[in-house]
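Beneath this line is the structure, given in structure tokens, with notes to follow.
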Amino acid sequence: MKAWLPSLLRLVLVGLLVAFVTNPGWFEPLLKPLTENNAPAIYNQGSLLTLTLLHLRTVLIATVAATIVAVALAILVTRPAGVEFLPLSRSLVNIGQTFPPVAVLAVAVPAVGFGEKPTLIALFLYGLLPIFENALTGLTTLPVNVVEAARGAGMTGWQRLVKVELPLSMPIILAGIRLSVVIGLATATIGSTVAAKTLGEVIIAGLLSNNLAFVLQGGLIVAALAVLIYDGLSAIERYTARRMGRETR
Amino acid sequence: MTSRFDKLGVVIAAIVAYAAFAAPFATFRANRIVPGEARSILEALPPEIGPLLLAIVVAAALIALLKTPLILRLAASVVALAALTLLIGVAGSFLTPEGNTFARVSPASGFWLLIFAFTLLLADVLTRLNLSPSARIGVLVVAAAAVGLLLVSGSWDNLSILKEYANRADSFWREGSKHVTLALGSLAAAVVVGLPLGILCHRVEKLRAGVLNVLNIIQTIPSIALFGLLIAPLGWVATHVPGAASLGIRGIGTAPAFVALFLYSLLPVVANTVVGLAGVPRAANDAARGMGMTDSQRLFGVEFPLAFPVILTGIRIVLVQNIGLATIAALIGGGGFGVFVFQGVGQTAMDLVLLGAVPTVALAFAAAIILDAVIEMTSTKRREAQPA
């Protein structure tokens, strides 16, 4: 494969995505054959652009919150004061991962009502786990000699954390964030079953009215977003890994 | 700060204090959809039992709070959990007026928080005990048997979730078996296809990146969309391929859900097969070659057994993920426990949601524990078989 080909493909995908959400009308002839009985080929109960932005906003808020909490918790249980919690937190993460997102979503509805809130809660809780697990891996597998050297250089605990441990764990933490974002993008579509304004609305409208064009456009936008974001975050990760001299995965 | 307090115990005691004295223990509703009225422990239980439960809970919290021997902590958490699960059923019978079939009693936030706090204590004890794999499965079996006994004995019959169940007993088991068939069937199909594909990717390097990239992209497509997108091609197959429709292949229903779950399952299986085979020590392979083993003998006699724990890890990921994802199949008429979840969301009937969500979580949880134990057993066997 030529070196420039992947970059070109990414550029084309970005171009198509932007063109589709801003001017969906251009693509109507392509989607028309998928509809029956003269049903509309382009989602007509709201703007695709607004839904896409709302979708991204939901995922962004949840991921930022999840990152802050998960990294803070991981730091806490790897300090001497919190080390008692380390084994327990490991098994809790294991248990937590067995909860399906739909269940979290559905259980959150009676507590906070319909709309964006239950979706944010489900995304937040589900996003916590991969980030916490990776942050824990990053902070517990630091090269011993580097940490010892930092200690020997007279760094305080806080300095070691901020200048040595966190930067060295950054690539692994980023890998966790990437996983959490991709899960979040997909889970946010399910949020539409509890009336959150996300791209899932388009897919569900398509499923309800048996309109394949809706399902396809909703699904493709989310998939394109996921692929692009996944790709972008992997690039950042590789960059930080190179700078830290640490391989991810 | 080496005090007599256990740090986790402080957290648990704080949760218990709030849950037992400030949060509602049970919710009473005149019928299944009106807003509920909160009842505290003393209000929800008969006058001779309420204080007893409070005493048990406080005593268990104190044991958690102080640095106490593990065996005492284990006993405290088990006794507290048993008392809570048993007495929530008593609360159901006590709060429901005689002969009233509309009234609903369900566990409220205080009950759930108490369960959470003591499960935390139990999980901590079990983690510190460092149980062997077979002992962990044993604990799971005992817990499952205890819950089964409570269900059969009828002591929970006056709780709202079981009233929902009583109204849908037939469809519950039908959807349940559909759920398990979907999750396990797609896993089996993914193993049958994914293992050879993984072996092929391992042997033919050119294929590897391409196949893994395609499977990676499939994983990023949201599940609802993938379910929806498969409706069209399967509908086409059903109408154009003779005999397909009679096999149960249809545009909506189980078929697209099955295919989607299968596609999601492929990546972990193939990727872990490749990683597992790549991790086989070169020396083992060279020795096998030197002994004059053929390629297929080497594959089945050496490489495969050595890679097995890693492949099993992939299967664990797939199984837990599939049990969760199968709930979404309900959206396209594929059945499964998701039917109750989405019906419940539609009717804002929390107990109906729980009727779908609780078995799903229990299944996924049990699958994770059992497969983790099996993985640990196979990898220790491997380590014993070839000392470093």
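In the structure tokens, chains take the letters A, B, ... in the order shown, each chain's residues start at 1, and ligands count up from 1 in the order shown.
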Can you build me a table of chain A residues sitting at most 6 Å from chain B, with the closest atom pair per residue and its distance in Å to one decimal, using only C-alpha atoms, sorted by chain and residue number, as JSON lines?
{"residue": "A:Leu88", "atom": "CA", "partner": "B:Asp124", "partner_atom": "CA", "distance": 5.3}
{"residue": "A:Thr98", "atom": "CA", "partner": "B:Ala364", "partner_atom": "CA", "distance": 5.5}
{"residue": "A:Phe99", "atom": "CA", "partner": "B:Val361", "partner_atom": "CA", "distance": 5.5}
{"residue": "A:Pro100", "atom": "CA", "partner": "B:Gly324", "partner_atom": "CA", "distance": 4.4}
{"residue": "A:Ala103", "atom": "CA", "partner": "B:Ala357", "partner_atom": "CA", "distance": 5.2}
{"residue": "A:Ala186", "atom": "CA", "partner": "B:Pro222", "partner_atom": "CA", "distance": 4.3}
{"residue": "A:Gly219", "atom": "CA", "partner": "B:Ala225", "partner_atom": "CA", "distance": 4.6}
{"residue": "A:Ala223", "atom": "CA", "partner": "B:Ile221", "partner_atom": "CA", "distance": 4.6}
{"residue": "A:Ala226", "atom": "CA", "partner": "B:Thr220", "partner_atom": "CA", "distance": 5.9}
- Query: If we count only C-alpha atoms, what is near Leu136 (chain A) at a cut-off of 10 Å, once residues fewer than 5 positions away on the same chain are taken out, given as a list in words?
  - Reply: Ala70, Val71, Leu73, Ala74, Ile75, Val77, Thr78, Leu86, Ser89, Arg90, Pro130, Ile131, Thr141, Ser169, Ile172 and Ile173 of chain A
### Query
Pro33 (chain A): which residues within 12 Å, counting only C-alpha atoms, same-chain residues fewer than 4 positions away excluded, as number ranges by chain?
A: 27-29, 37-42, 211-213; B: 232
List as a PyMOL selection string the protein and nucleic acid residues near Thr119 (chain A), meaning an atom at most 12 Å away when only C-alpha atoms are counted, but skip any in the same chain fewer than 3 places from it. chain A and resi 55+57-59+61-62+101-109+112-116+122-127+184-198+200
Writing out the chosen residues with C-alpha atoms as a PDB file, in the first residue's frame:
ATOM      1  CA  HIS A  55     -24.479  13.104  19.531  1.00  0.00           C
ATOM      2  CA  ARG A  57     -21.622  16.616  22.568  1.00  0.00           C
ATOM      3  CA  THR A  58     -23.179  13.829  24.641  1.00  0.00           C
ATOM      4  CA  VAL A  59     -20.187  11.552  24.054  1.00  0.00           C
ATOM      5  CA  ILE A  61     -19.291  15.390  28.086  1.00  0.00           C
ATOM      6  CA  ALA A  62     -19.514  11.776  29.258  1.00  0.00           C
ATOM      7  CA  PRO A 101     -25.123  -0.720  28.459  1.00  0.00           C
ATOM      8  CA  VAL A 102     -28.817  -1.171  27.695  1.00  0.00           C
ATOM      9  CA  ALA A 103     -29.425  -2.372  31.240  1.00  0.00           C
ATOM     10  CA  VAL A 104     -27.607   0.645  32.712  1.00  0.00           C
ATOM     11  CA  LEU A 105     -29.610   2.942  30.453  1.00  0.00           C
ATOM     12  CA  ALA A 106     -32.942   1.375  31.304  1.00  0.00           C
ATOM     13  CA  VAL A 107     -32.278   1.318  35.040  1.00  0.00           C
ATOM     14  CA  ALA A 108     -31.245   4.993  34.997  1.00  0.00           C
ATOM     15  CA  VAL A 109     -34.535   6.138  33.440  1.00  0.00           C
ATOM     16  CA  VAL A 112     -33.607  10.666  36.396  1.00  0.00           C
ATOM     17  CA  GLY A 113     -36.391  10.626  33.805  1.00  0.00           C
ATOM     18  CA  PHE A 114     -36.267  10.386  30.010  1.00  0.00           C
ATOM     19  CA  GLY A 115     -33.951  12.356  27.755  1.00  0.00           C
ATOM     20  CA  GLU A 116     -30.270  13.110  27.760  1.00  0.00           C
ATOM     21  CA  ALA A 122     -24.887   5.188  31.071  1.00  0.00           C
ATOM     22  CA  LEU A 123     -22.114   6.596  28.877  1.00  0.00           C
ATOM     23  CA  PHE A 124     -20.251   7.887  31.925  1.00  0.00           C
ATOM     24  CA  LEU A 125     -20.441   4.613  33.847  1.00  0.00           C
ATOM     25  CA  TYR A 126     -19.610   2.524  30.836  1.00  0.00           C
ATOM     26  CA  GLY A 127     -16.783   4.853  29.826  1.00  0.00           C
ATOM     27  CA  GLY A 184     -19.752   5.722  23.833  1.00  0.00           C
ATOM     28  CA  LEU A 185     -20.514   6.624  20.207  1.00  0.00           C
ATOM     29  CA  ALA A 186     -22.336   3.319  19.754  1.00  0.00           C
ATOM     30  CA  THR A 187     -24.080   3.431  23.132  1.00  0.00           C
ATOM     31  CA  ALA A 188     -25.317   6.976  22.519  1.00  0.00           C
ATOM     32  CA  THR A 189     -27.397   5.640  19.604  1.00  0.00           C
ATOM     33  CA  ILE A 190     -29.166   3.329  22.045  1.00  0.00           C
ATOM     34  CA  GLY A 191     -29.851   6.445  24.126  1.00  0.00           C
ATOM     35  CA  SER A 192     -32.524   7.371  21.595  1.00  0.00           C
ATOM     36  CA  THR A 193     -34.695   4.542  22.914  1.00  0.00           C
ATOM     37  CA  VAL A 194     -35.076   6.708  26.022  1.00  0.00           C
ATOM     38  CA  ALA A 195     -35.668   9.875  23.989  1.00  0.00           C
ATOM     39  CA  ALA A 196     -32.165  11.345  23.966  1.00  0.00           C
ATOM     40  CA  LYS A 197     -31.479  13.531  20.925  1.00  0.00           C
ATOM     41  CA  THR A 198     -28.757  11.556  19.155  1.00  0.00           C
ATOM     42  CA  GLY A 200     -30.014   6.857  17.139  1.00  0.00           C
TER      43      GLY A 200
END
Item to complete: Tell me which of B:Ala19, B:Ser177, B:Ile88, B:Ser132 sits closest to Gly110 (chain B), counting only C-alpha atoms.
Response: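 For Gly110 (chain B), the nearest of the candidates is B:Ala19.
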Inset, instruction - Run DSSP on the backbone and give me the residues of region 102-311 of chain B it puts in strand (DSSP E), as a list in words. - result: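 Those residues are Arg104, Val105, Ser106 and Pro107 of chain B.
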Original post:
So which one's closest to Ala330 (chain B), B:Phe258, B:Asp286, B:Ser296, B:Leu263? Using only C-alpha atoms, please.
Top reply: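 Counting only C-alpha atoms, the residue closest to Ala330 (chain B) is B:Phe258.
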Problem set entry | Atom pair CA of Ala26 (chain B) / CA of Ala108 (chain B): separation (Å) |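 Answer for the CA of Ala26 (chain B) to CA of Ala108 (chain B) separation: 4.5 Å.
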message = When you look at Val274 (chain B) with a cut-off of 9 Å (counting only C-alpha atoms), what residues show up, excluding the ones that are within fewer than 5 positions of it in the same chain? I need them as a list in words.
response =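 Returned residues: Gly198, Ile199, Leu200, Cys201, His202, Arg208, Val269, Gly279, Ala307 and Ile311 of chain B.
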Between CA of Arg316 (chain B) and CA of Leu355 (chain B), measure the distance and give it in Å to one decimal.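 Pair CA of Arg316 (chain B) / CA of Leu355 (chain B) returns 24.6 Å.
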Distance query Ala20 (chain B) at most 9 Å, only C-alpha atoms, self and fewer than 2 positions along chain excluded, as a ChimeraX atom specification
/B:15-18,22-25,40-41,54,57-58,110-111,113-114
*asked:* From a backbone DSSP assignment, name each residue in region 39-252 of chain B labelled alpha helix (DSSP H), as a ChimeraX atom specification.
replied: /B:41-44,50-65,70-95,109-129,133-153,160-167,169-203,205-220,223-240
I'd like the contact shell of region 72-79 of chain B - 6 Å cut-off, only C-alpha atoms, skipping same-chain residues fewer than 2 positions apart - returned as a list in words.
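Those residues are Ala60, Pro69, Leu70, Leu81, Ala82, Phe118 and Leu122 of chain B.
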Expected file contents, prior selection, N, CA and C atoms, as an mmCIF file, in the first residue's frame:
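Ended up saving to out_10.cif:
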data_model
loop_
_atom_site.group_PDB
_atom_site.id
_atom_site.type_symbol
_atom_site.label_atom_id
_atom_site.label_comp_id
_atom_site.auth_asym_id
_atom_site.auth_seq_id
_atom_site.Cartn_x
_atom_site.Cartn_y
_atom_site.Cartn_z
ATOM 1 N N ALA B 60 -23.068 -5.610 61.292
ATOM 2 C CA ALA B 60 -22.212 -5.976 60.154
ATOM 3 C C ALA B 60 -21.359 -4.786 59.719
ATOM 4 N N PRO B 69 -10.844 -10.011 61.715
ATOM 5 C CA PRO B 69 -10.366 -11.143 60.916
ATOM 6 C C PRO B 69 -11.248 -11.366 59.684
ATOM 7 N N LEU B 70 -10.638 -11.887 58.623
ATOM 8 C CA LEU B 70 -11.357 -12.077 57.359
ATOM 9 C C LEU B 70 -12.596 -12.932 57.542
ATOM 10 N N LEU B 81 -26.356 -9.921 53.867
ATOM 11 C CA LEU B 81 -26.976 -10.085 52.544
ATOM 12 C C LEU B 81 -28.156 -11.037 52.629
ATOM 13 N N ALA B 82 -27.991 -12.135 53.394
ATOM 14 C CA ALA B 82 -29.076 -13.108 53.514
ATOM 15 C C ALA B 82 -30.280 -12.459 54.181
ATOM 16 N N PHE B 118 -22.780 -4.288 51.192
ATOM 17 C CA PHE B 118 -22.340 -5.588 51.699
ATOM 18 C C PHE B 118 -21.762 -6.473 50.589
ATOM 19 N N LEU B 122 -18.222 -8.254 50.719
ATOM 20 C CA LEU B 122 -18.036 -9.653 50.321
ATOM 21 C C LEU B 122 -16.984 -9.766 49.219
#
